[in-house]
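What's in query_0.pdb: PDB, C-alpha atoms
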```pdb
ATOM      1  CA  MET A 115       0.000   0.000   0.000  1.00  0.00           C
ATOM      2  CA  SER A 116       1.282   3.428  -0.962  1.00  0.00           C
ATOM      3  CA  THR A 117       0.599   6.935   0.333  1.00  0.00           C
ATOM      4  CA  ALA A 118       1.578   8.785  -2.870  1.00  0.00           C
ATOM      5  CA  LEU A 119      -1.336   9.343  -5.237  1.00  0.00           C
ATOM      6  CA  GLN A 120      -0.462   8.338  -8.798  1.00  0.00           C
ATOM      7  CA  PRO A 121      -2.689   7.953 -11.883  1.00  0.00           C
ATOM      8  CA  SER A 122      -2.140   4.183 -11.528  1.00  0.00           C
ATOM      9  CA  SER A 123      -3.117   4.127  -7.834  1.00  0.00           C
ATOM     10  CA  GLN A 124      -6.258   2.180  -6.998  1.00  0.00           C
ATOM     11  CA  PRO A 125      -8.129   4.027  -4.243  1.00  0.00           C
ATOM     12  CA  ARG A 126     -10.639   2.375  -1.924  1.00  0.00           C
ATOM     13  CA  LEU A 127     -12.369   3.400   1.255  1.00  0.00           C
ATOM     14  CA  ALA A 128     -10.525   2.368   4.394  1.00  0.00           C
ATOM     15  CA  THR A 129     -12.153  -0.501   6.281  1.00  0.00           C
ATOM     16  CA  HIS A 130     -13.347   1.813   9.060  1.00  0.00           C
ATOM     17  CA  VAL A 131     -15.092   4.213   6.625  1.00  0.00           C
ATOM     18  CA  ARG A 132     -18.585   3.906   5.176  1.00  0.00           C
ATOM     19  CA  LEU A 133     -20.254   5.820   2.382  1.00  0.00           C
ATOM     20  CA  GLY A 134     -23.906   6.253   3.260  1.00  0.00           C
ATOM     21  CA  PHE A 135     -26.998   8.109   2.144  1.00  0.00           C
ATOM     22  CA  ASP A 136     -29.251  10.023   4.515  1.00  0.00           C
ATOM     23  CA  ARG A 137     -32.713   9.633   3.005  1.00  0.00           C
ATOM     24  CA  ALA A 138     -34.273  12.327   5.181  1.00  0.00           C
ATOM     25  CA  ARG A 139     -31.740  14.953   4.089  1.00  0.00           C
ATOM     26  CA  LYS A 140     -31.144  13.425   0.649  1.00  0.00           C
ATOM     27  CA  ARG A 141     -27.395  13.763   1.103  1.00  0.00           C
ATOM     28  CA  TYR A 142     -24.447  11.397   0.867  1.00  0.00           C
ATOM     29  CA  MET A 143     -22.293  11.113   3.949  1.00  0.00           C
ATOM     30  CA  LEU A 144     -18.892   9.709   4.680  1.00  0.00           C
ATOM     31  CA  GLN A 145     -19.042   8.000   8.059  1.00  0.00           C
ATOM     32  CA  VAL A 146     -15.891   7.497  10.089  1.00  0.00           C
ATOM     33  CA  PRO A 147     -15.625   6.573  13.760  1.00  0.00           C
ATOM     34  CA  GLU A 148     -17.097   9.438  15.777  1.00  0.00           C
ATOM     35  CA  ALA A 149     -17.548  11.718  12.760  1.00  0.00           C
ATOM     36  CA  VAL A 150     -19.735  12.263   9.719  1.00  0.00           C
ATOM     37  CA  THR A 151     -18.807  14.360   6.681  1.00  0.00           C
ATOM     38  CA  VAL A 152     -21.569  15.520   4.347  1.00  0.00           C
ATOM     39  CA  LEU A 153     -20.572  15.133   0.704  1.00  0.00           C
ATOM     40  CA  ASN A 154     -21.687  17.000  -2.369  1.00  0.00           C
ATOM     41  CA  LEU A 155     -22.778  14.945  -5.376  1.00  0.00           C
ATOM     42  CA  THR A 156     -19.377  15.195  -7.041  1.00  0.00           C
ATOM     43  CA  GLY A 157     -17.529  13.911  -3.975  1.00  0.00           C
ATOM     44  CA  ALA A 158     -20.002  11.050  -3.663  1.00  0.00           C
ATOM     45  CA  ALA A 159     -19.567  10.201  -7.359  1.00  0.00           C
ATOM     46  CA  VAL A 160     -15.786   9.995  -6.918  1.00  0.00           C
ATOM     47  CA  LEU A 161     -16.038   7.816  -3.813  1.00  0.00           C
ATOM     48  CA  HIS A 162     -18.569   5.457  -5.408  1.00  0.00           C
ATOM     49  CA  LEU A 163     -15.878   4.668  -7.979  1.00  0.00           C
ATOM     50  CA  CYS A 164     -13.169   4.018  -5.379  1.00  0.00           C
ATOM     51  CA  ASP A 165     -13.470   0.245  -5.300  1.00  0.00           C
ATOM     52  CA  GLY A 166      -9.789  -0.724  -5.156  1.00  0.00           C
ATOM     53  CA  ARG A 167      -9.914  -1.992  -8.743  1.00  0.00           C
ATOM     54  CA  ARG A 168     -10.229   1.223 -10.750  1.00  0.00           C
ATOM     55  CA  THR A 169      -7.198   3.450 -11.034  1.00  0.00           C
ATOM     56  CA  VAL A 170      -7.317   7.189 -10.431  1.00  0.00           C
ATOM     57  CA  ALA A 171      -6.981   7.671 -14.198  1.00  0.00           C
ATOM     58  CA  GLU A 172      -9.938   5.336 -14.821  1.00  0.00           C
ATOM     59  CA  ILE A 173     -12.022   7.174 -12.229  1.00  0.00           C
ATOM     60  CA  VAL A 174     -11.301  10.496 -13.926  1.00  0.00           C
ATOM     61  CA  ALA A 175     -12.169   8.997 -17.336  1.00  0.00           C
ATOM     62  CA  GLU A 176     -15.463   7.612 -16.052  1.00  0.00           C
ATOM     63  CA  LEU A 177     -16.354  10.945 -14.461  1.00  0.00           C
ATOM     64  CA  ARG A 178     -15.588  12.684 -17.770  1.00  0.00           C
ATOM     65  CA  ASP A 179     -18.124  10.402 -19.449  1.00  0.00           C
ATOM     66  CA  ARG A 180     -20.757  11.599 -16.951  1.00  0.00           C
ATOM     67  CA  TYR A 181     -19.942  15.296 -16.569  1.00  0.00           C
ATOM     68  CA  ASP A 182     -18.935  18.135 -18.875  1.00  0.00           C
ATOM     69  CA  ARG A 183     -15.804  19.229 -17.059  1.00  0.00           C
ATOM     70  CA  VAL A 184     -13.635  17.102 -14.800  1.00  0.00           C
ATOM     71  CA  ALA A 185     -10.155  18.250 -13.840  1.00  0.00           C
ATOM     72  CA  ASP A 186      -7.589  15.561 -13.060  1.00  0.00           C
ATOM     73  CA  ASP A 187      -6.097  17.812 -10.389  1.00  0.00           C
ATOM     74  CA  ASP A 188      -9.434  18.324  -8.627  1.00  0.00           C
ATOM     75  CA  VAL A 189     -10.048  14.591  -8.351  1.00  0.00           C
ATOM     76  CA  ALA A 190      -6.450  13.952  -7.280  1.00  0.00           C
ATOM     77  CA  ASP A 191      -6.559  16.751  -4.679  1.00  0.00           C
ATOM     78  CA  PHE A 192      -9.846  15.456  -3.231  1.00  0.00           C
ATOM     79  CA  LEU A 193      -8.497  11.912  -2.968  1.00  0.00           C
ATOM     80  CA  ALA A 194      -5.161  13.105  -1.563  1.00  0.00           C
ATOM     81  CA  ARG A 195      -6.981  14.932   1.245  1.00  0.00           C
ATOM     82  CA  LEU A 196      -8.878  11.757   2.101  1.00  0.00           C
ATOM     83  CA  VAL A 197      -5.680   9.688   1.951  1.00  0.00           C
ATOM     84  CA  ALA A 198      -4.050  12.144   4.367  1.00  0.00           C
ATOM     85  CA  LYS A 199      -6.970  11.613   6.771  1.00  0.00           C
ATOM     86  CA  ARG A 200      -6.613   7.830   6.277  1.00  0.00           C
ATOM     87  CA  TRP A 201     -10.176   7.593   5.034  1.00  0.00           C
ATOM     88  CA  VAL A 202      -9.026   6.351   1.616  1.00  0.00           C
ATOM     89  CA  GLU A 203      -6.277   3.818   1.037  1.00  0.00           C
ATOM     90  CA  LEU A 204      -4.261   3.292  -2.129  1.00  0.00           C
ATOM     91  CA  ASP A 205      -3.238   0.043  -3.728  1.00  0.00           C
ATOM     92  CA  ASP A 206      -0.514   0.229  -6.377  1.00  0.00           C
ATOM     93  CA  ASP A 207       0.387  -2.508  -8.825  1.00  0.00           C
TER      94      ASP A 207
END
```
Just give me the structure as C-alpha cells.
Amino acid sequence: MSTALQPSSQPRLATHVRLGFDRARKRYMLQVPEAVTVLNLTGAAVLHLCDGRRTVAEIVAELRDRYDRVADDDVADFLARLVAKRWVELDDD
C-alpha cells in the first residue's frame, strides 16, 4: 500500500469508513468513527468509484463520461486529502 497518489493508484475506502446516504436529508455522507462528513454529489460520485480496482486515471475517465468538465487535479486533490486523513487507502500494482 502506498501513500503517494499516482494515476495508476487504486483508491478504496478504508475498512473503518462507510459511504452512506441520509434519506431524510437526501445527502451522501462519509461515516468514520465518531464523525460524519456531508458530501456534495461530485464527492459522492468519486467515492462510489473508489473500489480498489479502478485506477485514479480510470475514475477520472469515467467521471468525464458523466460530466462536462472534470479536472484531473481536482479529483487527485480530493483523494489526496482523504488519503491524508486515512479515510481512503491506495493500492498500487
Per residue of segment 128-165 of chain A within 8 Å of segment 189-205 of chain A, which atom pair is closest and at what distance in Å (one decimal), using only C-alpha atoms, listed by chain and increasing number, as JSON lines?
```
{"residue": "A:Ala128", "atom": "CA", "partner": "A:Val202", "partner_atom": "CA", "distance": 5.1}
{"residue": "A:His130", "atom": "CA", "partner": "A:Trp201", "partner_atom": "CA", "distance": 7.7}
{"residue": "A:Val131", "atom": "CA", "partner": "A:Trp201", "partner_atom": "CA", "distance": 6.2}
{"residue": "A:Val146", "atom": "CA", "partner": "A:Trp201", "partner_atom": "CA", "distance": 7.6}
{"residue": "A:Gly157", "atom": "CA", "partner": "A:Phe192", "partner_atom": "CA", "distance": 7.9}
{"residue": "A:Val160", "atom": "CA", "partner": "A:Val189", "partner_atom": "CA", "distance": 7.5}
```
File dump, residues just selected, C-alpha atoms, as a tab-separated table (two decimals), in the frame of the given file:
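Dumped everything to selection.tsv:
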```
chain	number	residue	atom	x	y	z
A	128	ALA	CA	-10.52	2.37	4.39
A	130	HIS	CA	-13.35	1.81	9.06
A	131	VAL	CA	-15.09	4.21	6.62
A	146	VAL	CA	-15.89	7.50	10.09
A	157	GLY	CA	-17.53	13.91	-3.98
A	160	VAL	CA	-15.79	9.99	-6.92
```
Residues within 6 Å of Gly166 of chain A, please, as a ChimeraX atom specification. Count only C-alpha atoms; anything in the same chain fewer than 6 positions from it doesn't count. /A:124-126
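Neighbours of Tyr142 of chain A closer than or equal to 10 Å, with all atoms listed in the file counted and sequence neighbours fewer than 4 positions away skipped, come out as A:Leu133, A:Gly134, A:Phe135, A:Asp136, A:Arg137, A:Thr151, A:Val152, A:Leu153, A:Asn154, A:Leu155, A:Gly157, A:Ala158, A:Ala159.
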Using all atoms listed in the file, the best pick from A:Ala185, A:Leu163, A:Val170, A:Val150 as closest to Leu127 of chain A would be A:Leu163
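Going from atom CA of Ala175 of chain A over to atom CA of Met143 of chain A, you cover 23.7 Å.
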Provide the atom CA of Ile173 of chain A to atom CA of Leu144 of chain A distance in Å, to one decimal place. 18.4 Å
From A:Thr156, A:Asp186, A:Pro147, A:Arg141, residue lying nearest Glu172 of chain A [only C-alpha atoms]: A:Asp186
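Closest to Val174 of chain A among A:Asp188, A:Ala138, A:Arg132, A:Leu119 is A:Asp188, based on all atoms listed in the file.
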Please measure the separation of atom CA of Val184 of chain A and atom CA of Arg168 of chain A, giving the value in Å to one decimal. 16.7 Å
What lies within 8 Å of Ser122 of chain A using only C-alpha atoms, ignoring chain neighbours under 3 positions off, as a PyMOL selection string? chain A and resi 169-171+206-207
Kindly reconstruct segment 191-205 of chain A with N, CA, C and O atoms and present the result as a short mmCIF file (atom, residue, chain, number, x, y, z; two decimals), in the coordinates of the input.
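Writing the result to out_29.cif gives the following:
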```
data_model
loop_
_atom_site.label_atom_id
_atom_site.label_comp_id
_atom_site.auth_asym_id
_atom_site.auth_seq_id
_atom_site.Cartn_x
_atom_site.Cartn_y
_atom_site.Cartn_z
N ASP A 191 -6.63 15.98 -5.93
CA ASP A 191 -6.56 16.75 -4.68
C ASP A 191 -7.58 16.24 -3.66
O ASP A 191 -7.28 16.11 -2.47
N PHE A 192 -8.80 15.97 -4.11
CA PHE A 192 -9.85 15.46 -3.23
C PHE A 192 -9.41 14.12 -2.62
O PHE A 192 -9.48 13.92 -1.41
N LEU A 193 -8.93 13.22 -3.47
CA LEU A 193 -8.50 11.91 -2.97
C LEU A 193 -7.27 12.04 -2.06
O LEU A 193 -7.18 11.34 -1.05
N ALA A 194 -6.36 12.92 -2.40
CA ALA A 194 -5.16 13.10 -1.56
C ALA A 194 -5.53 13.59 -0.16
O ALA A 194 -4.94 13.15 0.83
N ARG A 195 -6.53 14.48 -0.08
CA ARG A 195 -6.98 14.93 1.25
C ARG A 195 -7.56 13.77 2.06
O ARG A 195 -7.32 13.66 3.26
N LEU A 196 -8.30 12.90 1.39
CA LEU A 196 -8.88 11.76 2.10
C LEU A 196 -7.82 10.71 2.46
O LEU A 196 -7.92 10.06 3.50
N VAL A 197 -6.80 10.58 1.62
CA VAL A 197 -5.68 9.69 1.95
C VAL A 197 -4.96 10.23 3.18
O VAL A 197 -4.61 9.47 4.09
N ALA A 198 -4.74 11.53 3.22
CA ALA A 198 -4.05 12.14 4.37
C ALA A 198 -4.81 11.92 5.67
O ALA A 198 -4.21 11.77 6.73
N LYS A 199 -6.14 11.87 5.59
CA LYS A 199 -6.97 11.61 6.77
C LYS A 199 -7.10 10.11 7.08
O LYS A 199 -7.72 9.75 8.06
N ARG A 200 -6.54 9.30 6.18
CA ARG A 200 -6.61 7.83 6.28
C ARG A 200 -8.04 7.30 6.11
O ARG A 200 -8.39 6.27 6.65
N TRP A 201 -8.83 8.03 5.34
CA TRP A 201 -10.18 7.59 5.03
C TRP A 201 -10.20 6.83 3.72
O TRP A 201 -11.13 6.08 3.46
N VAL A 202 -9.20 7.07 2.88
CA VAL A 202 -9.03 6.35 1.62
C VAL A 202 -7.64 5.74 1.62
O VAL A 202 -6.69 6.37 2.07
N GLU A 203 -7.56 4.51 1.16
CA GLU A 203 -6.28 3.82 1.04
C GLU A 203 -5.97 3.57 -0.43
O GLU A 203 -6.89 3.48 -1.24
N LEU A 204 -4.69 3.48 -0.75
CA LEU A 204 -4.26 3.29 -2.13
C LEU A 204 -3.56 1.96 -2.29
O LEU A 204 -2.70 1.61 -1.50
N ASP A 205 -3.95 1.24 -3.33
CA ASP A 205 -3.24 0.04 -3.73
C ASP A 205 -2.54 0.37 -5.03
O ASP A 205 -3.13 0.98 -5.92
#
```
